[in-house]
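Since the structure comes first, as structure tokens, the remarks are kept for the end.
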Amino acid sequence: MQVRALSLDLDDTLWPVAPALEEADRAVDAYLQVHFPRVAHAWPIPAMRTLRMQVAEARPELAHDFTAQRQLTLHEAFARCGIVAAPIDTLWEIYFSARNTVSLFPDSLPALAQLAARWPLASLTNGNADLARIGLQAHFRCAVAAREVGVGKPDPRIFRVAANRLGVAAGELLHVGDDPELDVLGAHRAGLHTAWVNRRGLPWPTALGTAPDVTVRDLGELVRWLDADAGT
């Protein structure tokens, strides 16, 4: 397999995202409890999450833009409480700061250093993680996000954007991610090689058809597999 560059998913590939998302919701709620108790009472965390799902369903054109979905959710929550001027910038900074306070999987940082020393790397995400805030920006040649591109995984176009920015052909790019459909199937349809990071040891969902080129339990195993594939 000829690999000249790698693209990596972020959430649940380099770190578990659920704890950060939960903390972000709590941080926003804590601010509302102090400064806008009426909104906090009307929209506790479970209700705010339900409202976000409703906003996403009502605005399918924003399926690739989680930032816009969340900001519209806040606007709607305030509007239903009769408050027109919602402090969106303040609330978003609170949310975004907590959302990007993540705890890396133990294998992630050592593997990133090894990978970046040998190949150009692109981050490729449907989410709104910020590599600069997290402190990983130096490992990546470029960042590709669904919000910026206009489509998200598994659409093949976002993978081809990553290949173009890295200056390689699709068949020379290995995409690494945790989601069988979004990462593996999407990358395969775009003509990329694929690595499934299967941290929970799950069976491959055969209904999806095409299996990944390689399945690894963590990024350290990926580094070892790449070394073996290169004959080093």
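Ordered as shown in the structure tokens, chains take letters A, B, and onward, while each chain numbers its residues from 1 and ligands are numbered from 1 in the order shown.
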
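With only C-alpha atoms taken into account, the protein and nucleic acid residues at most 9 Å from stretch 156-159 of chain A (excluding it and anything under 5 positions from it in its own chain) are Ser7, Leu124, Val144, Ala145, Ala146, Val149, Gly150, Val151, Asn164, Ala170, His175, Gly186, Ala187, His188, Arg189, Ala190, Gly191 and Leu192 of chain A.
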
Please give the complete set of residues from chain A that DSSP, run on the backbone, assigns to helix (DSSP H, G or I), formatted as a PyMOL selection string.
-> chain A and resi 18-35+37-42+45-58+60-62+66-80+88-99+108-118+131-134+137-139+146-149+156-166+170-172+180-189+206-208+219-230

Just how far from atom CA of A:Ala24 is atom CA of A:Trp92, in Å to one decimal?
-> 9.7 Å

Need to verify the contact set: stretch 137-141 of chain A, 9 Å, only C-alpha atoms, exclusion of same-chain residues closer than 6 positions in sequence. Can you return it as a CSV table (one decimal) with C-alpha atoms, in the first residue's frame?
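Generated output (around-v2.csv):
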chain,number,residue,atom,x,y,z
A,112,LEU,CA,0.8,11.8,16.5
A,113,ALA,CA,4.4,12.8,17.0
A,115,LEU,CA,3.2,10.0,12.3
A,116,ALA,CA,3.8,13.7,11.8
A,117,ALA,CA,7.5,13.1,11.6
A,120,PRO,CA,1.9,15.2,6.3
A,121,LEU,CA,-1.3,15.0,8.4
A,122,ALA,CA,-4.7,16.6,7.9
A,123,SER,CA,-7.4,16.6,10.5
A,130,ASP,CA,-10.2,23.5,17.5
A,131,LEU,CA,-6.7,22.0,17.2
A,165,ARG,CA,-4.7,20.2,0.4
A,166,LEU,CA,-2.1,17.6,1.2

Give me the residues within 12 Å of A:Asn128 as a ChimeraX atom specification, counting only C-alpha atoms and dropping any in the same chain fewer than 5 places off.
-> /A:9-11,17,20-21,64-70,92,95-100,123,133-134,143-148,152

Just to be explicit: take each residue in the selection above, keep N, CA and C atoms, and write the result as a tab-separated table (two decimals), in the first residue's frame.
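The file below, out02.tsv, is the result:
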chain	number	residue	atom	x	y	z
A	9	ASP	N	-9.57	11.60	11.72
A	9	ASP	CA	-10.74	12.06	12.45
A	9	ASP	C	-10.26	12.53	13.82
A	10	LEU	N	-11.07	13.34	14.49
A	10	LEU	CA	-10.67	13.88	15.80
A	10	LEU	C	-11.48	13.28	16.94
A	11	ASP	N	-12.77	13.63	17.03
A	11	ASP	CA	-13.60	13.17	18.14
A	11	ASP	C	-13.72	11.65	18.15
A	17	VAL	N	-15.11	12.18	23.10
A	17	VAL	CA	-15.74	13.50	22.99
A	17	VAL	C	-16.89	13.69	23.97
A	20	ALA	N	-16.36	15.97	27.09
A	20	ALA	CA	-16.21	17.39	26.77
A	20	ALA	C	-17.55	18.02	26.41
A	21	LEU	N	-18.38	17.31	25.64
A	21	LEU	CA	-19.69	17.83	25.26
A	21	LEU	C	-20.59	17.99	26.49
A	64	HIS	N	-24.16	19.93	8.18
A	64	HIS	CA	-22.70	19.90	8.25
A	64	HIS	C	-22.14	20.93	9.22
A	65	ASP	N	-23.00	21.72	9.86
A	65	ASP	CA	-22.53	22.87	10.64
A	65	ASP	C	-23.09	22.81	12.06
A	66	PHE	N	-22.40	22.10	12.93
A	66	PHE	CA	-22.85	21.96	14.31
A	66	PHE	C	-22.78	23.29	15.07
A	67	THR	N	-21.85	24.16	14.68
A	67	THR	CA	-21.75	25.46	15.33
A	67	THR	C	-23.02	26.27	15.09
A	68	ALA	N	-23.45	26.36	13.83
A	68	ALA	CA	-24.67	27.10	13.52
A	68	ALA	C	-25.88	26.48	14.21
A	69	GLN	N	-25.94	25.15	14.25
A	69	GLN	CA	-27.06	24.49	14.91
A	69	GLN	C	-27.15	24.89	16.39
A	70	ARG	N	-26.01	24.88	17.07
A	70	ARG	CA	-26.01	25.20	18.50
A	70	ARG	C	-26.33	26.68	18.74
A	92	TRP	N	-21.39	31.23	23.39
A	92	TRP	CA	-20.63	30.35	22.51
A	92	TRP	C	-19.20	30.20	23.00
A	95	TYR	N	-19.26	27.72	25.80
A	95	TYR	CA	-19.44	26.37	25.27
A	95	TYR	C	-18.17	25.88	24.57
A	96	PHE	N	-17.64	26.72	23.68
A	96	PHE	CA	-16.53	26.32	22.82
A	96	PHE	C	-15.27	26.04	23.65
A	97	SER	N	-15.04	26.82	24.67
A	97	SER	CA	-13.89	26.60	25.54
A	97	SER	C	-13.97	25.24	26.23
A	98	ALA	N	-15.14	24.93	26.78
A	98	ALA	CA	-15.31	23.65	27.47
A	98	ALA	C	-15.29	22.49	26.49
A	99	ARG	N	-15.89	22.68	25.33
A	99	ARG	CA	-15.93	21.62	24.32
A	99	ARG	C	-14.53	21.24	23.84
A	100	ASN	N	-13.61	22.18	23.89
A	100	ASN	CA	-12.25	21.93	23.45
A	100	ASN	C	-11.29	21.65	24.59
A	123	SER	N	-6.27	17.00	9.67
A	123	SER	CA	-7.42	16.63	10.48
A	123	SER	C	-8.66	16.73	9.60
A	133	ARG	N	-6.70	25.38	20.12
A	133	ARG	CA	-7.09	25.43	21.54
A	133	ARG	C	-6.66	24.16	22.27
A	134	ILE	N	-6.75	23.04	21.60
A	134	ILE	CA	-6.42	21.78	22.22
A	134	ILE	C	-4.90	21.61	22.35
A	143	ALA	N	-6.17	21.60	8.35
A	143	ALA	CA	-7.40	21.17	9.04
A	143	ALA	C	-8.56	21.29	8.06
A	144	VAL	N	-9.33	20.23	7.95
A	144	VAL	CA	-10.49	20.19	7.05
A	144	VAL	C	-11.73	19.92	7.89
A	145	ALA	N	-12.68	20.85	7.87
A	145	ALA	CA	-13.88	20.74	8.69
A	145	ALA	C	-15.12	20.84	7.82
A	146	ALA	N	-16.13	20.07	8.17
A	146	ALA	CA	-17.37	20.06	7.40
A	146	ALA	C	-17.98	21.45	7.32
A	147	ARG	N	-17.91	22.20	8.41
A	147	ARG	CA	-18.51	23.54	8.43
A	147	ARG	C	-17.89	24.43	7.36
A	148	GLU	N	-16.61	24.28	7.13
A	148	GLU	CA	-15.91	25.10	6.15
A	148	GLU	C	-16.14	24.60	4.73
A	152	GLY	N	-20.24	17.18	4.97
A	152	GLY	CA	-19.56	16.39	6.00
A	152	GLY	C	-19.37	14.96	5.58

Would you please give, as a PyMOL selection string, all residues of stretch 99-140 of chain A that DSSP assigns to strand (DSSP E) based on the backbone?
-> chain A and resi 121-125

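Residues lying within 10 Å of A:Leu109, counting only C-alpha atoms and ignoring same-chain neighbours fewer than 5 positions away, are Leu14, Leu104, Gln114, Leu115, Leu136, His139, Leu219 and Gly220 of chain A.
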
Got a sec: who's within 7 Å of A:Thr73, counting only C-alpha atoms, leaving out chain neighbours fewer than 4 positions off, as a PyMOL selection string?
-> chain A and resi 51-52+55+69+77

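The space between atom CA of A:Ala207 and atom CA of A:Val176 spans 20.3 Å.
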
So, counting only C-alpha atoms, which residue among A:Ser108, A:Thr90, A:Thr210, A:Gln2 is closest to A:Leu222?
-> A:Ser108
